[in-house]
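**Q** As input, take start-v4.tsv (TSV, C-alpha atoms):
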```
chain	number	residue	atom	x	y	z
A	251	MET	CA	77.82	126.04	94.45
A	252	LYS	CA	80.98	124.41	93.08
A	253	LEU	CA	82.40	121.01	93.90
A	254	ASP	CA	85.98	120.85	95.19
A	255	ALA	CA	87.79	121.10	91.86
A	256	PRO	CA	91.30	119.91	91.06
A	257	THR	CA	93.72	122.41	89.62
A	258	LYS	CA	97.38	122.60	88.59
A	259	ILE	CA	99.91	120.97	90.89
A	260	ARG	CA	101.38	123.19	93.62
A	261	VAL	CA	105.06	124.10	93.41
A	262	GLY	CA	107.20	121.39	95.00
A	263	GLU	CA	104.42	118.77	95.03
A	264	ALA	CA	104.81	117.31	91.52
A	265	PHE	CA	106.10	113.81	90.86
A	266	GLU	CA	107.54	111.97	87.84
A	267	LYS	CA	104.49	111.33	85.70
A	268	GLU	CA	106.37	109.10	83.25
A	269	ALA	CA	107.34	106.56	85.94
A	270	LEU	CA	103.71	106.37	87.07
A	271	GLU	CA	102.56	105.91	83.47
A	272	MET	CA	104.94	102.96	83.01
A	273	TYR	CA	103.84	101.43	86.31
A	274	LEU	CA	100.14	101.75	85.40
A	275	ASP	CA	100.85	100.30	81.92
A	276	LYS	CA	102.05	97.11	83.60
A	277	LYS	CA	99.50	96.93	86.42
A	278	PHE	CA	96.46	97.49	84.24
A	279	GLU	CA	97.89	95.67	81.20
A	280	LEU	CA	97.34	98.73	79.04
A	281	GLU	CA	99.44	100.01	76.21
A	282	ASP	CA	100.85	103.48	76.36
A	283	VAL	CA	98.95	105.05	79.27
A	284	LYS	CA	98.66	108.79	78.78
A	285	LEU	CA	98.15	110.29	82.18
A	286	GLU	CA	96.68	113.63	83.13
A	287	VAL	CA	97.51	114.72	86.68
A	288	LEU	CA	95.90	117.56	88.64
A	289	GLN	CA	95.90	118.27	92.37
A	290	PHE	CA	93.11	118.93	94.82
A	291	PRO	CA	94.30	122.22	96.32
A	292	SER	CA	92.80	122.04	99.80
A	293	GLY	CA	93.31	119.73	102.73
A	294	TYR	CA	95.91	119.66	105.45
A	295	SER	CA	97.47	116.21	105.50
A	296	ASN	CA	98.24	113.71	102.76
A	297	LEU	CA	98.44	115.03	99.21
A	298	THR	CA	95.53	114.21	96.94
A	299	TYR	CA	95.69	114.19	93.14
A	300	LEU	CA	93.19	113.58	90.38
A	301	ILE	CA	94.62	111.24	87.77
A	302	LYS	CA	92.92	110.56	84.47
A	303	PHE	CA	93.78	107.61	82.24
A	304	ASN	CA	91.97	104.94	80.26
A	305	GLN	CA	89.02	107.38	79.95
A	306	ARG	CA	88.39	107.27	83.71
A	307	GLU	CA	89.10	109.45	86.74
A	308	TYR	CA	90.82	108.20	89.89
A	309	VAL	CA	92.26	109.74	93.03
A	310	LEU	CA	95.89	109.19	94.03
A	311	ARG	CA	96.95	109.74	97.66
A	312	ARG	CA	100.52	110.08	98.90
A	313	PRO	CA	102.26	111.50	101.99
A	314	PRO	CA	103.44	115.11	101.91
A	315	PHE	CA	106.98	115.64	100.65
A	316	GLY	CA	109.45	115.46	103.53
A	317	ALA	CA	106.96	113.86	105.95
A	318	LYS	CA	108.85	112.56	108.97
A	319	ILE	CA	105.98	111.00	110.92
A	320	LYS	CA	105.42	107.74	109.05
A	321	SER	CA	102.45	106.56	111.12
A	322	GLY	CA	100.58	109.81	110.42
A	323	HIS	CA	100.91	109.28	106.66
A	324	ASP	CA	100.62	105.50	106.35
A	325	MET	CA	99.29	104.85	102.85
A	326	SER	CA	99.15	101.10	103.46
A	327	ARG	CA	96.90	101.64	106.48
A	328	GLU	CA	94.53	103.96	104.57
A	329	PHE	CA	94.32	101.44	101.73
A	330	LYS	CA	93.63	98.53	104.12
A	331	ILE	CA	90.86	100.47	105.86
A	332	LEU	CA	89.19	101.29	102.54
A	333	SER	CA	89.56	97.65	101.47
A	334	ILE	CA	87.81	96.44	104.64
A	335	LEU	CA	85.09	99.08	104.34
A	336	GLN	CA	84.40	98.12	100.72
A	337	ASN	CA	82.20	95.19	101.80
A	338	ASN	CA	80.66	96.93	104.81
A	339	PHE	CA	80.14	100.55	103.86
A	340	PRO	CA	79.19	101.26	100.24
A	341	LYS	CA	79.67	105.03	100.59
A	342	ALA	CA	83.45	104.65	100.98
A	343	PRO	CA	85.49	105.02	97.77
A	344	LYS	CA	86.67	101.73	96.29
A	345	PRO	CA	90.40	101.11	96.67
A	346	ILE	CA	92.02	100.20	93.34
A	347	LEU	CA	95.76	99.78	93.83
A	348	PHE	CA	98.43	100.16	96.51
A	349	CYS	CA	102.13	100.66	95.70
A	350	GLU	CA	104.88	100.63	98.32
A	351	ASP	CA	107.70	101.07	95.79
A	352	GLU	CA	109.05	104.56	96.51
A	353	LYS	CA	110.94	104.59	93.20
A	354	ILE	CA	107.70	105.18	91.27
A	355	ILE	CA	106.67	108.62	92.63
A	356	GLY	CA	109.01	109.07	95.59
A	357	SER	CA	106.77	107.54	98.29
A	358	PRO	CA	104.21	104.80	98.83
A	359	PHE	CA	100.83	105.71	97.33
A	360	TYR	CA	97.45	104.29	96.52
A	361	ILE	CA	94.76	104.85	93.92
A	362	MET	CA	91.03	104.81	94.64
A	363	GLU	CA	87.88	105.60	92.74
A	364	ARG	CA	86.86	109.23	92.57
A	365	VAL	CA	83.70	110.09	94.47
A	366	LYS	CA	82.38	113.56	93.77
A	367	GLY	CA	80.71	115.58	96.49
A	368	ILE	CA	80.43	118.86	98.32
A	369	ILE	CA	83.23	119.84	100.67
A	370	LEU	CA	82.44	122.77	102.93
A	371	ARG	CA	85.45	124.90	103.78
A	372	GLY	CA	85.75	127.61	106.43
A	373	ASN	CA	86.88	130.27	103.95
A	374	MET	CA	84.24	129.69	101.27
A	375	PRO	CA	82.97	132.90	99.66
A	376	LYS	CA	79.31	133.57	100.47
A	377	ASN	CA	78.29	133.20	96.83
A	378	GLU	CA	79.63	129.60	96.87
A	379	LEU	CA	77.84	128.52	100.05
A	380	PRO	CA	74.90	126.16	99.57
A	381	LYS	CA	71.37	127.49	99.89
A	382	PRO	CA	69.78	126.96	103.36
A	383	GLU	CA	67.61	124.07	102.11
A	384	LYS	CA	70.74	122.35	100.71
A	385	ILE	CA	72.56	122.87	104.03
A	386	LYS	CA	69.70	121.07	105.77
A	387	GLU	CA	70.11	118.16	103.32
A	388	ILE	CA	73.89	118.07	103.84
A	389	ILE	CA	73.50	118.01	107.65
A	390	TYR	CA	70.98	115.18	107.44
A	391	ASP	CA	73.25	113.19	105.09
A	392	PHE	CA	76.25	113.82	107.34
A	393	ILE	CA	74.46	112.55	110.46
A	394	THR	CA	73.01	109.55	108.60
A	395	THR	CA	76.38	108.65	107.11
A	396	MET	CA	78.24	108.96	110.42
A	397	THR	CA	75.55	106.82	112.10
A	398	GLU	CA	75.91	104.14	109.42
A	399	LEU	CA	79.71	104.21	109.67
A	400	HIS	CA	79.69	103.96	113.48
A	401	SER	CA	77.12	101.15	113.33
A	402	ILE	CA	79.58	98.80	111.63
A	403	ASP	CA	80.46	95.95	113.95
A	404	TYR	CA	84.17	96.47	114.48
A	405	THR	CA	84.44	93.11	116.27
A	406	GLN	CA	83.90	91.26	112.97
A	407	ASP	CA	86.85	89.06	112.10
A	408	GLN	CA	88.22	91.31	109.34
A	409	PHE	CA	88.14	94.36	111.60
A	410	SER	CA	89.37	92.67	114.77
A	411	LYS	CA	92.62	91.72	113.05
A	412	PHE	CA	93.19	95.33	112.10
A	413	GLY	CA	94.53	97.67	114.72
A	414	LYS	CA	94.29	97.54	118.51
A	415	PRO	CA	91.02	98.96	119.87
A	416	GLU	CA	92.04	98.57	123.54
A	417	GLY	CA	93.82	101.67	124.78
A	418	TYR	CA	93.09	103.59	121.55
A	419	VAL	CA	92.27	106.94	123.20
A	420	LYS	CA	95.36	106.78	125.44
A	421	ARG	CA	97.57	106.07	122.41
A	422	GLN	CA	95.95	108.93	120.47
A	423	VAL	CA	96.54	111.47	123.24
A	424	GLU	CA	100.13	110.33	123.77
A	425	GLY	CA	100.80	110.23	120.01
A	426	TRP	CA	99.43	113.71	119.35
A	427	ALA	CA	101.28	115.08	122.38
A	428	TYR	CA	104.51	113.61	121.02
A	429	ARG	CA	103.88	115.04	117.52
A	430	TYR	CA	103.06	118.42	119.05
A	431	GLU	CA	106.35	118.42	120.98
A	432	LYS	CA	108.31	117.49	117.84
A	433	SER	CA	106.73	120.15	115.63
A	434	LYS	CA	105.76	123.06	117.91
A	435	THR	CA	106.90	126.52	116.96
A	436	ASN	CA	105.37	128.41	119.92
A	437	ASN	CA	104.56	127.63	123.54
A	438	PHE	CA	100.85	127.53	124.38
A	439	GLU	CA	100.19	127.03	128.08
A	440	GLY	CA	96.67	125.75	127.43
A	441	ILE	CA	97.95	122.91	125.28
A	442	GLU	CA	100.58	121.98	127.84
A	443	LYS	CA	97.85	121.65	130.51
A	444	THR	CA	95.85	119.22	128.38
A	445	ILE	CA	98.84	116.93	127.90
```
Output the file's structure as structure tokens, nothing else.

**A**
Amino acid sequence: MKLDAPTKIRVGEAFEKEALEMYLDKKFELEDVKLEVLQFPSGYSNLTYLIKFNQREYVLRRPPFGAKIKSGHDMSREFKILSILQNNFPKAPKPILFCEDEKIIGSPFYIMERVKGIILRGNMPKNELPKPEKIKEIIYDFITTMTELHSIDYTQDQFSKFGKPEGYVKRQVEGWAYRYEKSKTNNFEGIEKTI
């Protein structure tokens, strides 16, 4: 079984590596950062890259090129959530750096620690699927992790200042309905009924 491995950057999803190198030189007070950039090929939302510098591996996240729905690709929000979780949920990756200057790589982005793990995908070849005993372990870890995450007291001061829990579900349904209307390519009666 293979871990989700980064590979070469997809066509149209590269960014100016030199500008990022100069930025990281300043932020980390390093001299002459030599950056290696690869891309994690799967996933359906924000773009995720593996960056290597200073003999360490990090993950860089940025919105997709041409993203028009800012709230759906809010790098600042992702970074803030990880920052809050850092003291409450040790399994979350540690946030390292947030940059809102779009001149660096063409959009806001953030860098976090790399956490390696197994990602199950629907189209995995049979020879890459975990053995049944490993699946049992993964399911147990998933349930345990989700229980731990949902056991965090969201009314704590640092969480209560973040977001608006009242009316969350209503806002989600309305927001996704709006995004569906803006991006739909076909008419599906079933979806219309749920809205």

**Q** Each residue of range 317-431 of chain A lying at most 10 Å from range 266-280 of chain A should get a row with its shortest atom-to-atom pair and the distance in Å to one decimal, counting all atoms listed in the file; could you produce that, ordered by chain and increasing number, as JSON lines?

**A**
```
{"residue": "A:Leu347", "atom": "CA", "partner": "A:Lys277", "partner_atom": "CA", "distance": 8.8}
{"residue": "A:Cys349", "atom": "CA", "partner": "A:Tyr273", "partner_atom": "CA", "distance": 9.6}
{"residue": "A:Lys353", "atom": "CA", "partner": "A:Ala269", "partner_atom": "CA", "distance": 8.3}
{"residue": "A:Ile354", "atom": "CA", "partner": "A:Ala269", "partner_atom": "CA", "distance": 5.5}
{"residue": "A:Ile355", "atom": "CA", "partner": "A:Glu266", "partner_atom": "CA", "distance": 5.9}
{"residue": "A:Gly356", "atom": "CA", "partner": "A:Glu266", "partner_atom": "CA", "distance": 8.4}
```

**Q** From the options A:Arg421, A:Lys330, A:Arg260, A:Lys384, which residue's atoms come nearest to Tyr360 in chain A, counting only C-alpha atoms?

**A**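 Using only C-alpha atoms, the shortest distance to Tyr360 in chain A belongs to A:Lys330.
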
**Q** For CA of Phe359 in chain A and CA of Pro313 in chain A, determine how far apart the two atoms are, in Å to one decimal place.

**A**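 For CA of Phe359 in chain A relative to CA of Pro313 in chain A, the distance reads 7.6 Å.
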
**Q** Given all atoms listed in the file as the basis, pick out the residue of A:Ala342, A:Leu332, A:Met325, A:Leu379 nearest to Leu310 in chain A.

**A** A:Met325

**Q** Work out how far apart CA of Lys434 in chain A and CA of Asn296 in chain A are and give it in Å to one decimal.

**A** 19.3 Å

**Q** Measuring atom to atom with only C-alpha atoms, identify which of A:His400, A:Arg311, A:Lys420, A:Lys284 is nearest to Phe339 in chain A.

**A**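 Checking each candidate against Phe339 in chain A, we get A:His400 as the closest.
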
**Q** Please determine, counting all atoms listed in the file, which residue among A:Glu350, A:Glu286, A:Ser292, A:Arg429 has the shortest atom-to-atom distance to Gly372 in chain A.

**A**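 Ranked by minimum distance to Gly372 in chain A, first place goes to A:Ser292.
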
**Q** Separation of CA of Gly425 in chain A and CA of Lys341 in chain A, in Å?

**A**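 Atom-to-atom, CA of Gly425 in chain A to CA of Lys341 in chain A, that is 29.2 Å.
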
**Q** Near Asn338 in chain A, within 9 Å and counting all atoms listed in the file, which residues show up once chain neighbours fewer than 4 positions away are dropped, as a ChimeraX atom specification?

**A** /A:334,399,402

**Q** Using all atoms listed in the file, can you tell me which of A:Leu288, A:Ile361, A:Ile369, A:Val283 comes closest to Asn304 in chain A?

**A** A:Val283

**Q** For Tyr308 in chain A, which residue out of A:Pro345, A:Glu281, A:Asp391, A:Glu328 is the nearest one, using all atoms listed in the file?

**A**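 Checking each candidate against Tyr308 in chain A, we get A:Pro345 as the closest.
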
**Q** Need the shell around Pro314 in chain A: protein/DNA/RNA residues with any atom at most 7 Å away, counting only C-alpha atoms. Skip same-chain ones fewer than 2 positions apart. Format as a list in words?

**A**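 Once the nearby chain positions are removed, what remains is Asn296, Leu297, Arg312, Gly316 and Ala317 of chain A.
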
**Q** Can you spit out range 417-431 of chain A with all heavy atoms, as a CSV table (one decimal), in the first residue's frame, from the structure just given?

**A**
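Once everything was written out, this is result-v3.csv:
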```
chain,number,residue,atom,x,y,z
A,417,GLY,N,-27.2,29.2,13.4
A,417,GLY,CA,-27.7,29.3,12.0
A,417,GLY,C,-26.7,28.7,11.0
A,417,GLY,O,-26.9,28.9,9.8
A,418,TYR,N,-25.8,27.9,11.5
A,418,TYR,CA,-24.7,27.3,10.6
A,418,TYR,C,-25.3,26.5,9.5
A,418,TYR,O,-25.0,26.6,8.3
A,418,TYR,CB,-23.7,26.5,11.5
A,418,TYR,CG,-22.7,25.8,10.6
A,418,TYR,CD1,-21.6,26.4,10.1
A,418,TYR,CD2,-22.9,24.4,10.4
A,418,TYR,CE1,-20.7,25.8,9.3
A,418,TYR,CE2,-22.0,23.7,9.6
A,418,TYR,CZ,-20.9,24.4,9.0
A,418,TYR,OH,-20.0,23.7,8.3
A,419,VAL,N,-26.2,25.5,9.9
A,419,VAL,CA,-26.8,24.6,8.9
A,419,VAL,C,-27.5,25.4,7.8
A,419,VAL,O,-27.4,25.1,6.6
A,419,VAL,CB,-27.6,23.5,9.6
A,419,VAL,CG1,-28.3,22.6,8.5
A,419,VAL,CG2,-26.8,22.6,10.5
A,420,LYS,N,-28.4,26.3,8.3
A,420,LYS,CA,-29.1,27.1,7.3
A,420,LYS,C,-28.2,27.9,6.3
A,420,LYS,O,-28.4,27.8,5.1
A,420,LYS,CB,-30.0,28.1,8.1
A,420,LYS,CG,-30.9,29.0,7.2
A,420,LYS,CD,-31.7,29.9,8.1
A,420,LYS,CE,-32.7,30.7,7.3
A,420,LYS,NZ,-32.2,31.7,6.4
A,421,ARG,N,-27.1,28.4,6.9
A,421,ARG,CA,-26.2,29.1,6.0
A,421,ARG,C,-25.5,28.2,5.0
A,421,ARG,O,-25.2,28.5,3.9
A,421,ARG,CB,-25.1,29.9,6.8
A,421,ARG,CG,-25.6,31.1,7.5
A,421,ARG,CD,-24.5,32.0,8.1
A,421,ARG,NE,-23.5,31.3,8.9
A,421,ARG,CZ,-23.6,31.0,10.2
A,421,ARG,NH1,-24.7,31.4,10.8
A,421,ARG,NH2,-22.7,30.4,10.8
A,422,GLN,N,-25.2,27.0,5.5
A,422,GLN,CA,-24.5,26.0,4.6
A,422,GLN,C,-25.4,25.6,3.5
A,422,GLN,O,-25.0,25.6,2.3
A,422,GLN,CB,-24.2,24.7,5.4
A,422,GLN,CG,-23.0,24.9,6.3
A,422,GLN,CD,-21.7,25.1,5.5
A,422,GLN,OE1,-21.3,24.2,4.7
A,422,GLN,NE2,-21.0,26.2,5.7
A,423,VAL,N,-26.7,25.3,3.8
A,423,VAL,CA,-27.7,24.9,2.7
A,423,VAL,C,-27.8,26.0,1.7
A,423,VAL,O,-27.8,25.8,0.5
A,423,VAL,CB,-29.0,24.4,3.3
A,423,VAL,CG1,-30.0,24.2,2.2
A,423,VAL,CG2,-28.8,23.2,4.2
A,424,GLU,N,-28.0,27.2,2.2
A,424,GLU,CA,-28.2,28.4,1.3
A,424,GLU,C,-27.0,28.6,0.5
A,424,GLU,O,-27.0,28.9,-0.7
A,424,GLU,CB,-28.6,29.6,2.1
A,424,GLU,CG,-30.0,29.5,2.7
A,424,GLU,CD,-30.3,30.7,3.7
A,424,GLU,OE1,-29.4,31.5,4.0
A,424,GLU,OE2,-31.5,30.8,4.0
A,425,GLY,N,-25.8,28.5,1.1
A,425,GLY,CA,-24.5,28.8,0.4
A,425,GLY,C,-24.3,27.8,-0.6
A,425,GLY,O,-23.9,28.1,-1.8
A,426,TRP,N,-24.5,26.5,-0.3
A,426,TRP,CA,-24.3,25.5,-1.4
A,426,TRP,C,-25.3,25.5,-2.5
A,426,TRP,O,-25.0,25.3,-3.6
A,426,TRP,CB,-24.2,24.1,-0.7
A,426,TRP,CG,-22.9,23.8,-0.1
A,426,TRP,CD1,-22.7,23.7,1.3
A,426,TRP,CD2,-21.7,23.7,-0.7
A,426,TRP,NE1,-21.4,23.5,1.5
A,426,TRP,CE2,-20.7,23.5,0.3
A,426,TRP,CE3,-21.2,23.6,-2.0
A,426,TRP,CZ2,-19.3,23.3,0.1
A,426,TRP,CZ3,-19.9,23.5,-2.3
A,426,TRP,CH2,-19.0,23.3,-1.2
A,427,ALA,N,-26.5,25.9,-2.1
A,427,ALA,CA,-27.6,26.1,-3.2
A,427,ALA,C,-27.2,27.2,-4.1
A,427,ALA,O,-27.3,27.1,-5.3
A,427,ALA,CB,-28.9,26.4,-2.5
A,428,TYR,N,-26.6,28.3,-3.5
A,428,TYR,CA,-26.2,29.4,-4.3
A,428,TYR,C,-25.0,29.0,-5.3
A,428,TYR,O,-25.0,29.3,-6.5
A,428,TYR,CB,-25.8,30.6,-3.4
A,428,TYR,CG,-25.1,31.8,-4.1
A,428,TYR,CD1,-25.9,32.7,-4.8
A,428,TYR,CD2,-23.7,31.9,-4.1
A,428,TYR,CE1,-25.3,33.7,-5.5
A,428,TYR,CE2,-23.1,33.0,-4.8
A,428,TYR,CZ,-23.9,33.9,-5.5
A,428,TYR,OH,-23.3,34.9,-6.1
A,429,ARG,N,-24.0,28.3,-4.7
A,429,ARG,CA,-22.9,27.9,-5.5
A,429,ARG,C,-23.3,26.9,-6.6
A,429,ARG,O,-22.8,27.0,-7.7
A,429,ARG,CB,-21.8,27.3,-4.6
A,429,ARG,CG,-21.1,28.3,-3.7
A,429,ARG,CD,-19.9,27.7,-3.0
A,429,ARG,NE,-20.3,27.0,-1.8
A,429,ARG,CZ,-20.5,27.6,-0.6
A,429,ARG,NH1,-20.5,28.9,-0.5
A,429,ARG,NH2,-20.8,26.8,0.4
A,430,TYR,N,-24.3,26.1,-6.3
A,430,TYR,CA,-24.8,25.1,-7.3
A,430,TYR,C,-25.4,25.9,-8.4
A,430,TYR,O,-25.2,25.6,-9.6
A,430,TYR,CB,-25.8,24.2,-6.6
A,430,TYR,CG,-26.7,23.5,-7.7
A,430,TYR,CD1,-26.2,22.5,-8.5
A,430,TYR,CD2,-28.0,23.8,-7.9
A,430,TYR,CE1,-26.9,21.8,-9.4
A,430,TYR,CE2,-28.8,23.2,-8.8
A,430,TYR,CZ,-28.3,22.2,-9.6
A,430,TYR,OH,-29.0,21.5,-10.5
A,431,GLU,N,-26.3,26.9,-8.1
A,431,GLU,CA,-26.9,27.7,-9.1
A,431,GLU,C,-25.9,28.4,-10.0
A,431,GLU,O,-26.1,28.5,-11.2
A,431,GLU,CB,-27.9,28.7,-8.5
A,431,GLU,CG,-29.1,28.2,-8.0
A,431,GLU,CD,-30.0,27.5,-9.0
A,431,GLU,OE1,-30.0,28.0,-10.2
A,431,GLU,OE2,-30.7,26.6,-8.7
```
